[in-house]
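Here the structure comes first, spelled out in structure tokens, and everything after it is commentary.
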Number of protein chains: 2
Amino acid sequence: MTKAKGANALPLNTILPGDCIEVMNGLPEASVDLIFADPPYNLQLKGELHRPDNSKVDAVDDDWDQFDTFAAYDRFTRDWLKAARRVLKPNGAIWVIGSYHNIFRLGAELQNQGYWLLNDVVWRKSNPMPNFRGKRLTNAHETLIWASRSEGAKYTFNYEALKSLNEGVQMRSDWVLPICTGHERLKDENGDKAHPTQKPESLLHRVLVATTNPGDVVLDPFFGTGTTGAVAKMLGRDFIGIEREESYRKVAEKRLSRVRKYDRDALMVSASKRAEPRVPFGQLVERGMLRPGEVLVSPRGKTAKVRADGTLVGDAMTGSIHQVGAALEGAPSCNGWTYWHFKRDGKTVPIDLLRQQVRAEMAERPN
Amino acid sequence: MTKAKGANALPLNTILPGDCIEVMNGLPEASVDLIFADPPYNLQLKGELHRPDNSKVDAVDDDWDQFDTFAAYDRFTRDWLKAARRVLKPNGAIWVIGSYHNIFRLGAELQNQGYWLLNDVVWRKSNPMPNFRGKRLTNAHETLIWASRSEGAKYTFNYEALKSLNEGVQMRSDWVLPICTGHERLKDENGDKAHPTQKPESLLHRVLVATTNPGDVVLDPFFGTGTTGAVAKMLGRDFIGIEREESYRKVAEKRLSRVRKYDRDALMVSASKRAEPRVPFGQLVERGMLRPGEVLVSPRGKTAKVRADGTLVGDAMTGSIHQVGAALEGAPSCNGWTYWHFKRDGKTVPIDLLRQQVRAEMAERPN
DNA sequence: CTCCTATATGAATCGCGGT
DNA sequence: TACCGCGATTCATATAGGA
């Protein structure tokens, strides 16, 4: 399945064993489109934490106080986020997920390293574990942070696809999804859950549809039982997993071998209009769809006349369909395609209809 | 209204002018039961933003929200949180509210100073401002952090009161409340909003019912137009406000003088309404109830294929389940939920059945 | 009075590609 | 790298005004 060859080949669609920082540092830089990371934050982590002098922290050491914990966790966070940033392409992005125990440290360190926060997203669990003792609120959500590698990066966001997922309404930053249970929850040989924090595939589905395209490379440095890889494979994305625990790797390998990719056309997603081919307004005049001298009209009854070169003459104003529209409305900008209308058979029609006709023709006879 | 007397008297139910750090340092230590703090968010807005109708968005561009660097913001955060911790009683607690711009730095510093995080709470806005350019997810929530002064503190939590606020079900960490608009939103003499970020009283109502008792002292170091004070007064708690800007203090004084206990009724409204949950078709795909690539069938045998974003591909037509259904029937509209069917175990079943399953799951554990 | 429509607005890190 | 022109982009409410 690996695509590239040679020394810097990306080990696509495999699970790499070992410590994620070392493994990431062994990957070629600027090679990955998206990172999804669900880092550990509980006491199991103590085994991999180090003090500033690189002496290993002993979990039962008397000096292990709260400050040590935070400092060590911050160092761990700094190191893996730095390694992650190196392997990200310039226009790449990252998702991290956590709870109130660790998410604030993750978010602050992302900002410190120059990642640019795009959204924080709340995964609102529809069936959380209740708080049995009644001493706090039911902890019914986890937080994800979506960040680009740096400010100004051209990150991937499939706006229309997410809008479609939400029945035509803009997707919000709070996502209601059930936790991972039932058949989806992987069991070990004893019938116990194979991993304590297995994420639901629905969550990864939304993340990957939103912020990757088919063929993108998705890296998960805390692969666990491989939810990221499974959903990436289904959706026609390549993945790289890193996992230090052999038992998790085994479960994940088995899981991935059973996953199948969806049909190619099922992976197509509602496209953004920005991706449509550009049609100069003048082309409508050249093609005779509009005559020079013809009068266009705005929704509020303002008029302008079409010239042979595809410009408009309005009231004391000449320019493009957009410029004249903006000037007449006193607006900073204007989409002339939807603003201007023409008359055919007594009906008033937006000129965008003509553009759609041209685009349809172009699709039939591509140049 | 002041209770105590002498040099260390607490200035109860008053608004203190000045910088909150200096003022807090002038208050007696260990004297306050709860702090609610809505500090500057450090938004880093560049240009202007217009709605699609070309109207300009009134941005938060006030001087008090400007910080040059993260380091400067962190210094400010460290200083006021330290001053706040000094005035808190040993069993006191704090709430802070913020967005992704600042909440991670707030949370990390709370942990660094020895505050003990109890919950993070998500305020899910029922009517947030959309993302007008379609470049990100709608920023539809803000985050609150609830923390005790230190680990092991006997903090106040009125479990039963919150349970009854939530119709007998344990209160969760995500709260759906509308933003502050209409009559509740305070206006200046020009009729413009008096403060750019006024919080809804319903939010403070829930916070104070949950984590204070009548007679408790509530301190708000970023008092603004005094929502904390107003709700505290309604609920029979004492408050101390600190506010630098004279104009905000004036508005708050006027507001507080008018507050009456019966205003409490208005606060109860938002919790009770629970609409039929909307289930987007895309969610069935995300949840794996339908696979991308799966074929749906109409009663008259027309077919369409499911895509990963919850749209359908029909004959020369792509769109929502409703749009494709309407197009295939040549009808102006179509209820896709009853029109489209899928096959399971040789039987043909309407997709509405899947929606009912999702709704049933949601109804088991509402909110 | 009701009903309907039009308008206003909210803590926002809100283009992109060609020259 | 900076400028410039095309052209894409919104949801839930509250209020006001007209029928």
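Residue numbers start at 1 in each chain; chains themselves are named A, B, ... in the order of the structure tokens; ligands are numbered from 1 in the order shown.
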
Contact check, chain A to chain C, at most 10 Å, counting only C-alpha atoms (C1' of nucleotides), closest pairs as JSON lines:
```
{"residue": "A:Trp116", "atom": "CA", "partner": "C:DT13", "partner_atom": "C1'", "distance": 8.8}
{"residue": "A:Leu117", "atom": "CA", "partner": "C:DT13", "partner_atom": "C1'", "distance": 8.1}
{"residue": "A:Leu118", "atom": "CA", "partner": "C:DT13", "partner_atom": "C1'", "distance": 8.1}
{"residue": "A:Asn119", "atom": "CA", "partner": "C:DT13", "partner_atom": "C1'", "distance": 9.8}
{"residue": "A:Glu151", "atom": "CA", "partner": "C:DT13", "partner_atom": "C1'", "distance": 9.6}
{"residue": "A:Lys154", "atom": "CA", "partner": "C:DG15", "partner_atom": "C1'", "distance": 9.8}
{"residue": "A:Arg274", "atom": "CA", "partner": "C:DC16", "partner_atom": "C1'", "distance": 9.2}
```

Residual all-Cα deviation (RMSD) between chain A and least-squares-fitted chain B, paired in order, is 17.5 Å

Only residues of chain A matter here; which ones have an atom within 8 Å of chain D, counting only C-alpha atoms (C1' of nucleotides)? Give them as JSON, numbers by chain. {"A": [273, 274, 322, 334, 335, 336]}

Could you write those residues out with all heavy atoms, as a PDB file, in the first residue's frame?
```pdb
ATOM      1  N   LYS A 273     -18.360  26.167  -3.908  1.00  0.00           N
ATOM      2  CA  LYS A 273     -18.544  26.884  -5.162  1.00  0.00           C
ATOM      3  C   LYS A 273     -17.261  27.541  -5.624  1.00  0.00           C
ATOM      4  O   LYS A 273     -17.098  27.855  -6.789  1.00  0.00           O
ATOM      5  CB  LYS A 273     -19.653  27.921  -5.003  1.00  0.00           C
ATOM      6  CG  LYS A 273     -20.991  27.247  -4.874  1.00  0.00           C
ATOM      7  CD  LYS A 273     -22.107  28.238  -4.636  1.00  0.00           C
ATOM      8  CE  LYS A 273     -23.406  27.489  -4.367  1.00  0.00           C
ATOM      9  NZ  LYS A 273     -24.423  28.355  -3.779  1.00  0.00           N
ATOM     10  N   ARG A 274     -16.350  27.755  -4.665  1.00  0.00           N
ATOM     11  CA  ARG A 274     -15.075  28.361  -5.050  1.00  0.00           C
ATOM     12  C   ARG A 274     -14.304  27.475  -6.014  1.00  0.00           C
ATOM     13  O   ARG A 274     -13.448  27.937  -6.751  1.00  0.00           O
ATOM     14  CB  ARG A 274     -14.226  28.604  -3.809  1.00  0.00           C
ATOM     15  CG  ARG A 274     -14.652  29.794  -3.004  1.00  0.00           C
ATOM     16  CD  ARG A 274     -13.728  29.981  -1.805  1.00  0.00           C
ATOM     17  NE  ARG A 274     -14.482  30.173  -0.569  1.00  0.00           N
ATOM     18  CZ  ARG A 274     -14.900  31.339  -0.156  1.00  0.00           C
ATOM     19  NH1 ARG A 274     -14.648  32.411  -0.833  1.00  0.00           N
ATOM     20  NH2 ARG A 274     -15.583  31.450   0.964  1.00  0.00           N
ATOM     21  N   HIS A 322     -19.508  43.488 -10.748  1.00  0.00           N
ATOM     22  CA  HIS A 322     -19.364  43.586  -9.296  1.00  0.00           C
ATOM     23  C   HIS A 322     -19.154  45.024  -8.856  1.00  0.00           C
ATOM     24  O   HIS A 322     -19.752  45.492  -7.884  1.00  0.00           O
ATOM     25  CB  HIS A 322     -18.191  42.723  -8.828  1.00  0.00           C
ATOM     26  CG  HIS A 322     -18.151  41.374  -9.468  1.00  0.00           C
ATOM     27  ND1 HIS A 322     -19.082  40.403  -9.230  1.00  0.00           N
ATOM     28  CD2 HIS A 322     -17.305  40.848 -10.400  1.00  0.00           C
ATOM     29  CE1 HIS A 322     -18.811  39.312  -9.951  1.00  0.00           C
ATOM     30  NE2 HIS A 322     -17.733  39.568 -10.671  1.00  0.00           N
ATOM     31  N   CYS A 334     -19.873  43.327  -3.848  1.00  0.00           N
ATOM     32  CA  CYS A 334     -21.155  42.870  -4.386  1.00  0.00           C
ATOM     33  C   CYS A 334     -20.887  41.699  -5.314  1.00  0.00           C
ATOM     34  O   CYS A 334     -19.951  41.733  -6.108  1.00  0.00           O
ATOM     35  CB  CYS A 334     -21.824  44.014  -5.142  1.00  0.00           C
ATOM     36  SG  CYS A 334     -23.265  43.509  -6.116  1.00  0.00           S
ATOM     37  N   ASN A 335     -21.687  40.667  -5.215  1.00  0.00           N
ATOM     38  CA  ASN A 335     -21.609  39.559  -6.163  1.00  0.00           C
ATOM     39  C   ASN A 335     -22.530  39.885  -7.337  1.00  0.00           C
ATOM     40  O   ASN A 335     -23.743  39.698  -7.254  1.00  0.00           O
ATOM     41  CB  ASN A 335     -22.009  38.249  -5.499  1.00  0.00           C
ATOM     42  CG  ASN A 335     -21.844  37.077  -6.442  1.00  0.00           C
ATOM     43  OD1 ASN A 335     -21.676  37.253  -7.649  1.00  0.00           O
ATOM     44  ND2 ASN A 335     -21.876  35.881  -5.887  1.00  0.00           N
ATOM     45  N   GLY A 336     -21.930  40.384  -8.412  1.00  0.00           N
ATOM     46  CA  GLY A 336     -22.716  40.802  -9.564  1.00  0.00           C
ATOM     47  C   GLY A 336     -23.529  39.671 -10.178  1.00  0.00           C
ATOM     48  O   GLY A 336     -24.588  39.909 -10.765  1.00  0.00           O
TER      49      GLY A 336
END
```

What are the closest atom pairs, with distances in Å to one decimal, for all residues of chain B lying within 7 Å of chain A? Consider only C-alpha atoms, order rows by chain and residue number, and present the result as a tab-separated table.
```
residue	atom	partner	partner_atom	distance
B:Asn54	CA	A:Ala331	CA	6.3
B:Tyr100	CA	A:Asp120	CA	5.9
B:Phe104	CA	A:Phe104	CA	4.1
B:Arg105	CA	A:Ala108	CA	5.4
B:Gly107	CA	A:Phe104	CA	5.3
B:Ala108	CA	A:Phe104	CA	5.2
B:Leu118	CA	A:Arg136	CA	6.9
B:Asn119	CA	A:Leu137	CA	6.8
B:Asp120	CA	A:Tyr100	CA	6.0
B:Gly134	CA	A:Tyr159	CA	6.2
B:Lys135	CA	A:Phe157	CA	6.9
B:Arg136	CA	A:Leu118	CA	6.9
B:Leu137	CA	A:Arg172	CA	5.3
B:Thr138	CA	A:Arg172	CA	4.4
B:Asn139	CA	A:Ser173	CA	5.5
B:Ala140	CA	A:Ser173	CA	5.5
B:His141	CA	A:Ser173	CA	6.9
B:Phe157	CA	A:Lys135	CA	6.6
B:Tyr159	CA	A:Gly134	CA	6.2
B:Gln170	CA	A:Thr138	CA	6.9
B:Met171	CA	A:Leu137	CA	5.8
B:Arg172	CA	A:Thr138	CA	4.5
B:Ser173	CA	A:Asn139	CA	5.4
B:Asp174	CA	A:Ala140	CA	6.9
B:Pro280	CA	A:Glu167	CA	5.2
B:Phe281	CA	A:Glu167	CA	6.6
B:Gly282	CA	A:Leu165	CA	4.2
B:Gln283	CA	A:Leu165	CA	6.7
B:Glu286	CA	A:Ser202	CA	4.6
B:Arg287	CA	A:Ser202	CA	5.0
B:Pro292	CA	A:Ala266	CA	5.3
B:Gly293	CA	A:Ala266	CA	4.7
B:Val306	CA	A:Ala266	CA	6.3
B:Arg307	CA	A:Ala266	CA	4.1
B:Ala308	CA	A:Leu267	CA	5.5
B:Asp309	CA	A:Leu165	CA	5.1
B:Gly310	CA	A:Leu165	CA	5.1
B:Thr311	CA	A:Ser164	CA	6.3
B:Met362	CA	A:Ser126	CA	6.6
B:Arg365	CA	A:Asn127	CA	6.5
```

Only N, CA and C atoms, please: the residues just picked out, written as a CSV table (one decimal), in the first residue's frame.
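What landed in part_27.csv:
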```csv
chain,number,residue,atom,x,y,z
B,54,ASN,N,-23.9,42.6,3.5
B,54,ASN,CA,-23.0,43.7,3.5
B,54,ASN,C,-23.1,44.6,4.7
B,100,TYR,N,-12.1,30.0,22.9
B,100,TYR,CA,-10.8,29.3,22.6
B,100,TYR,C,-9.6,30.3,22.5
B,104,PHE,N,-7.7,28.3,27.3
B,104,PHE,CA,-6.7,27.3,27.6
B,104,PHE,C,-5.6,27.9,28.5
B,105,ARG,N,-5.3,29.2,28.3
B,105,ARG,CA,-4.3,29.9,29.2
B,105,ARG,C,-4.9,30.1,30.6
B,107,GLY,N,-7.2,28.1,32.0
B,107,GLY,CA,-7.3,26.8,32.7
B,107,GLY,C,-5.9,26.3,33.1
B,108,ALA,N,-4.9,26.5,32.3
B,108,ALA,CA,-3.6,26.1,32.7
B,108,ALA,C,-3.1,26.9,33.9
B,118,LEU,N,-12.9,21.4,39.0
B,118,LEU,CA,-14.1,20.5,39.3
B,118,LEU,C,-14.8,20.1,38.1
B,119,ASN,N,-15.1,21.0,37.2
B,119,ASN,CA,-15.7,20.7,35.9
B,119,ASN,C,-15.3,21.8,34.9
B,120,ASP,N,-15.3,21.5,33.7
B,120,ASP,CA,-15.4,22.5,32.6
B,120,ASP,C,-16.8,22.4,32.1
B,134,GLY,N,-18.0,31.2,6.0
B,134,GLY,CA,-18.0,29.7,5.7
B,134,GLY,C,-16.6,29.2,5.7
B,135,LYS,N,-15.7,29.7,6.6
B,135,LYS,CA,-14.3,29.3,6.6
B,135,LYS,C,-14.1,28.4,7.8
B,136,ARG,N,-15.0,28.4,8.8
B,136,ARG,CA,-14.8,27.6,10.0
B,136,ARG,C,-16.2,27.1,10.5
B,137,LEU,N,-16.1,26.4,11.6
B,137,LEU,CA,-17.4,26.0,12.2
B,137,LEU,C,-18.0,27.2,12.9
B,138,THR,N,-19.3,27.2,13.0
B,138,THR,CA,-20.0,28.3,13.8
B,138,THR,C,-19.5,28.2,15.2
B,139,ASN,N,-19.0,29.3,15.7
B,139,ASN,CA,-18.5,29.4,17.1
B,139,ASN,C,-19.7,29.5,18.0
B,140,ALA,N,-20.2,28.3,18.4
B,140,ALA,CA,-21.5,28.3,19.0
B,140,ALA,C,-21.5,28.1,20.5
B,141,HIS,N,-20.3,28.2,21.1
B,141,HIS,CA,-20.3,27.9,22.6
B,141,HIS,C,-19.2,28.8,23.2
B,157,PHE,N,-21.9,22.7,46.4
B,157,PHE,CA,-22.5,22.2,45.2
B,157,PHE,C,-23.9,21.8,45.6
B,159,TYR,N,-26.5,20.0,44.6
B,159,TYR,CA,-26.8,18.9,43.6
B,159,TYR,C,-28.3,18.8,43.3
B,170,GLN,N,-30.1,14.6,36.5
B,170,GLN,CA,-28.7,15.1,36.8
B,170,GLN,C,-28.3,16.2,35.8
B,171,MET,N,-27.8,17.3,36.4
B,171,MET,CA,-27.4,18.4,35.5
B,171,MET,C,-26.0,18.0,34.8
B,172,ARG,N,-26.0,18.2,33.5
B,172,ARG,CA,-24.8,17.9,32.8
B,172,ARG,C,-23.8,19.1,32.7
B,173,SER,N,-22.7,18.8,32.1
B,173,SER,CA,-21.6,19.8,31.9
B,173,SER,C,-21.9,20.7,30.7
B,174,ASP,N,-22.9,20.5,29.9
B,174,ASP,CA,-23.2,21.3,28.8
B,174,ASP,C,-24.6,22.0,29.0
B,280,PRO,N,-30.3,15.2,11.6
B,280,PRO,CA,-29.9,15.4,10.2
B,280,PRO,C,-29.6,14.0,9.7
B,281,PHE,N,-30.0,13.8,8.4
B,281,PHE,CA,-29.8,12.5,7.7
B,281,PHE,C,-28.3,12.1,7.8
B,282,GLY,N,-27.4,13.1,7.6
B,282,GLY,CA,-26.0,12.8,7.6
B,282,GLY,C,-25.6,12.0,8.9
B,283,GLN,N,-26.3,12.3,10.0
B,283,GLN,CA,-25.9,11.6,11.2
B,283,GLN,C,-26.1,10.1,11.1
B,286,GLU,N,-22.8,9.0,9.5
B,286,GLU,CA,-21.7,9.1,10.5
B,286,GLU,C,-21.8,8.0,11.5
B,287,ARG,N,-23.0,7.6,11.9
B,287,ARG,CA,-23.1,6.6,12.9
B,287,ARG,C,-23.0,5.2,12.4
B,292,PRO,N,-21.8,4.8,3.3
B,292,PRO,CA,-21.6,5.6,2.0
B,292,PRO,C,-21.5,4.5,0.9
B,293,GLY,N,-22.2,4.8,-0.2
B,293,GLY,CA,-22.2,3.9,-1.3
B,293,GLY,C,-23.5,3.0,-1.3
B,306,VAL,N,-26.0,6.8,-1.4
B,306,VAL,CA,-25.6,7.6,-0.3
B,306,VAL,C,-24.2,8.0,-0.3
B,307,ARG,N,-23.9,9.3,-0.1
B,307,ARG,CA,-22.5,9.7,0.0
B,307,ARG,C,-22.0,10.0,1.4
B,308,ALA,N,-20.7,10.2,1.6
B,308,ALA,CA,-20.1,10.3,2.9
B,308,ALA,C,-20.6,11.5,3.7
B,309,ASP,N,-21.1,12.5,2.9
B,309,ASP,CA,-21.5,13.8,3.6
B,309,ASP,C,-23.0,13.8,3.8
B,310,GLY,N,-23.7,12.7,3.6
B,310,GLY,CA,-25.1,12.7,3.8
B,310,GLY,C,-26.0,13.2,2.7
B,311,THR,N,-25.4,13.4,1.5
B,311,THR,CA,-26.1,13.8,0.3
B,311,THR,C,-26.4,12.5,-0.5
B,362,MET,N,-31.9,9.3,22.1
B,362,MET,CA,-31.7,10.6,22.7
B,362,MET,C,-32.7,10.8,23.8
B,365,ARG,N,-31.9,9.4,27.5
B,365,ARG,CA,-31.2,10.3,28.4
B,365,ARG,C,-31.2,11.7,27.8
```

Work out how far CA of Asn42 in chain B is from CA of Pro196 in chain B, in Å to one decimal.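 Here the two named atoms are 13.6 Å from each other.
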
What residues in range 116-217 of chain A get the DSSP label strand (DSSP E)? Please answer as a ChimeraX atom specification. /A:116-125,141-148,174-177,217

Please produce a file of the residues just selected, as a tab-separated table (two decimals), in the first residue's frame, where the atoms kept are N, CA and C atoms.
```tsv
chain	number	residue	atom	x	y	z
A	116	TRP	N	-2.14	27.71	14.92
A	116	TRP	CA	-3.18	28.74	14.90
A	116	TRP	C	-4.54	28.10	15.15
A	117	LEU	N	-5.15	28.42	16.28
A	117	LEU	CA	-6.41	27.76	16.64
A	117	LEU	C	-7.52	28.20	15.69
A	118	LEU	N	-8.25	27.23	15.17
A	118	LEU	CA	-9.34	27.52	14.23
A	118	LEU	C	-10.69	27.39	14.92
A	119	ASN	N	-10.86	26.37	15.70
A	119	ASN	CA	-12.08	26.19	16.50
A	119	ASN	C	-11.74	25.31	17.69
A	120	ASP	N	-12.44	25.51	18.78
A	120	ASP	CA	-12.53	24.42	19.74
A	120	ASP	C	-13.90	23.79	19.54
A	121	VAL	N	-13.94	22.49	19.60
A	121	VAL	CA	-15.16	21.75	19.30
A	121	VAL	C	-15.53	20.93	20.53
A	122	VAL	N	-16.80	20.97	20.87
A	122	VAL	CA	-17.27	20.19	22.00
A	122	VAL	C	-17.95	18.93	21.50
A	123	TRP	N	-17.41	17.81	21.90
A	123	TRP	CA	-18.11	16.55	21.63
A	123	TRP	C	-19.05	16.32	22.80
A	124	ARG	N	-20.32	16.52	22.51
A	124	ARG	CA	-21.34	16.39	23.53
A	124	ARG	C	-21.84	14.95	23.51
A	125	LYS	N	-21.53	14.18	24.54
A	125	LYS	CA	-21.87	12.76	24.56
A	125	LYS	C	-23.35	12.58	24.85
A	141	HIS	N	-19.02	15.79	28.26
A	141	HIS	CA	-18.42	16.21	26.98
A	141	HIS	C	-16.91	16.05	27.04
A	142	GLU	N	-16.31	16.04	25.85
A	142	GLU	CA	-14.87	16.21	25.73
A	142	GLU	C	-14.62	17.35	24.75
A	143	THR	N	-13.43	17.88	24.79
A	143	THR	CA	-13.11	19.04	23.96
A	143	THR	C	-12.08	18.65	22.91
A	144	LEU	N	-12.33	19.08	21.67
A	144	LEU	CA	-11.34	18.94	20.60
A	144	LEU	C	-10.86	20.33	20.21
A	145	ILE	N	-9.62	20.41	19.81
A	145	ILE	CA	-9.09	21.66	19.28
A	145	ILE	C	-8.63	21.40	17.86
A	146	TRP	N	-9.04	22.26	16.96
A	146	TRP	CA	-8.63	22.18	15.56
A	146	TRP	C	-7.73	23.37	15.28
A	147	ALA	N	-6.53	23.11	14.82
A	147	ALA	CA	-5.57	24.19	14.60
A	147	ALA	C	-4.78	23.94	13.33
A	148	SER	N	-4.49	25.02	12.62
A	148	SER	CA	-3.61	24.90	11.46
A	148	SER	C	-2.16	24.99	11.93
A	174	ASP	N	-20.48	22.54	18.44
A	174	ASP	CA	-20.88	21.51	19.41
A	174	ASP	C	-21.49	20.35	18.65
A	175	TRP	N	-20.88	19.19	18.83
A	175	TRP	CA	-21.28	18.00	18.09
A	175	TRP	C	-21.90	17.00	19.05
A	176	VAL	N	-23.13	16.58	18.77
A	176	VAL	CA	-23.80	15.60	19.61
A	176	VAL	C	-23.61	14.22	18.99
A	177	LEU	N	-22.83	13.39	19.64
A	177	LEU	CA	-22.56	12.04	19.12
A	177	LEU	C	-22.51	11.06	20.29
A	217	VAL	N	-2.89	12.25	3.67
A	217	VAL	CA	-2.22	11.41	4.66
A	217	VAL	C	-2.57	11.88	6.06
```

Just the number, please: distance in Å from CA of Pro39 in chain A to CA of Phe223 in chain A, one decimal.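 So the two atoms, CA of Pro39 in chain A and CA of Phe223 in chain A, lie 9.3 Å apart.
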
DSSP on the backbone, then: every residue of range 234-307 of chain A marked alpha helix (DSSP H), written as a list in words.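 The residues of range 234-307 of chain A classed as alpha helix (DSSP H) are Met234, Glu246, Ser247, Tyr248, Arg249, Lys250, Val251, Ala252, Glu253, Lys254, Arg255, Leu256, Ser257, Arg258, Arg264, Asp265, Ala266, Leu267, Phe281, Gly282, Gln283, Leu284, Val285 and Glu286 of chain A.
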
I need the chosen residues saved as a short mmCIF file (atom, residue, chain, number, x, y, z; two decimals), in the first residue's frame, with N, CA, C and O atoms.
```
data_model
loop_
_atom_site.label_atom_id
_atom_site.label_comp_id
_atom_site.auth_asym_id
_atom_site.auth_seq_id
_atom_site.Cartn_x
_atom_site.Cartn_y
_atom_site.Cartn_z
N MET A 234 -11.80 3.68 5.37
CA MET A 234 -13.16 3.71 4.80
C MET A 234 -13.34 4.89 3.87
O MET A 234 -14.00 4.78 2.84
N GLU A 246 2.04 -3.14 22.37
CA GLU A 246 1.85 -4.20 21.38
C GLU A 246 0.41 -4.71 21.38
O GLU A 246 -0.15 -5.03 20.33
N SER A 247 -0.19 -4.79 22.56
CA SER A 247 -1.54 -5.35 22.62
C SER A 247 -2.52 -4.49 21.80
O SER A 247 -3.39 -5.02 21.12
N TYR A 248 -2.36 -3.17 21.88
CA TYR A 248 -3.24 -2.31 21.08
C TYR A 248 -2.96 -2.48 19.59
O TYR A 248 -3.88 -2.50 18.78
N ARG A 249 -1.68 -2.57 19.26
CA ARG A 249 -1.34 -2.73 17.84
C ARG A 249 -1.98 -3.98 17.26
O ARG A 249 -2.52 -3.96 16.16
N LYS A 250 -1.97 -5.04 18.03
CA LYS A 250 -2.55 -6.30 17.54
C LYS A 250 -4.05 -6.14 17.27
O LYS A 250 -4.55 -6.57 16.23
N VAL A 251 -4.74 -5.54 18.24
CA VAL A 251 -6.18 -5.34 18.06
C VAL A 251 -6.44 -4.46 16.85
O VAL A 251 -7.34 -4.72 16.04
N ALA A 252 -5.61 -3.44 16.71
CA ALA A 252 -5.82 -2.49 15.61
C ALA A 252 -5.56 -3.16 14.26
O ALA A 252 -6.32 -2.96 13.30
N GLU A 253 -4.50 -3.97 14.17
CA GLU A 253 -4.18 -4.65 12.91
C GLU A 253 -5.37 -5.51 12.45
O GLU A 253 -5.79 -5.48 11.30
N LYS A 254 -5.88 -6.25 13.41
CA LYS A 254 -7.01 -7.13 13.10
C LYS A 254 -8.21 -6.30 12.63
O LYS A 254 -8.88 -6.64 11.64
N ARG A 255 -8.46 -5.23 13.35
CA ARG A 255 -9.58 -4.37 13.00
C ARG A 255 -9.43 -3.81 11.59
O ARG A 255 -10.37 -3.82 10.79
N LEU A 256 -8.22 -3.32 11.29
CA LEU A 256 -8.00 -2.65 10.00
C LEU A 256 -8.11 -3.63 8.84
O LEU A 256 -8.55 -3.25 7.75
N SER A 257 -7.72 -4.87 9.08
CA SER A 257 -7.77 -5.84 7.99
C SER A 257 -9.21 -6.09 7.55
O SER A 257 -9.47 -6.54 6.44
N ARG A 258 -10.13 -5.81 8.43
CA ARG A 258 -11.55 -6.07 8.10
C ARG A 258 -12.26 -4.87 7.50
O ARG A 258 -13.37 -4.99 7.01
N ARG A 264 -15.95 4.79 -4.70
CA ARG A 264 -15.29 6.06 -5.02
C ARG A 264 -16.30 7.22 -5.08
O ARG A 264 -16.07 8.28 -4.54
N ASP A 265 -17.42 7.00 -5.72
CA ASP A 265 -18.36 8.12 -5.85
C ASP A 265 -19.10 8.40 -4.55
O ASP A 265 -19.65 9.48 -4.37
N ALA A 266 -19.09 7.44 -3.64
CA ALA A 266 -19.68 7.73 -2.34
C ALA A 266 -18.78 8.66 -1.52
O ALA A 266 -19.23 9.32 -0.59
N LEU A 267 -17.50 8.68 -1.89
CA LEU A 267 -16.56 9.53 -1.15
C LEU A 267 -16.59 10.96 -1.65
O LEU A 267 -16.09 11.86 -0.98
N PHE A 281 -17.62 37.36 -17.17
CA PHE A 281 -18.93 37.86 -17.61
C PHE A 281 -18.92 38.17 -19.11
O PHE A 281 -19.91 37.93 -19.82
N GLY A 282 -17.77 38.67 -19.58
CA GLY A 282 -17.67 39.02 -21.00
C GLY A 282 -17.97 37.86 -21.92
O GLY A 282 -18.45 38.04 -23.05
N GLN A 283 -17.75 36.65 -21.42
CA GLN A 283 -18.01 35.49 -22.26
C GLN A 283 -19.49 35.34 -22.60
O GLN A 283 -19.83 34.85 -23.68
N LEU A 284 -20.36 35.79 -21.69
CA LEU A 284 -21.79 35.73 -21.98
C LEU A 284 -22.14 36.64 -23.15
O LEU A 284 -23.02 36.32 -23.96
N VAL A 285 -21.44 37.77 -23.23
CA VAL A 285 -21.69 38.72 -24.33
C VAL A 285 -21.12 38.15 -25.62
O VAL A 285 -21.79 38.16 -26.66
N GLU A 286 -19.90 37.64 -25.56
CA GLU A 286 -19.29 37.05 -26.74
C GLU A 286 -20.14 35.94 -27.32
O GLU A 286 -20.28 35.79 -28.53
#
```

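Here CA of Trp80 in chain A and CA of Ile35 in chain A stand 11.6 Å from one another.
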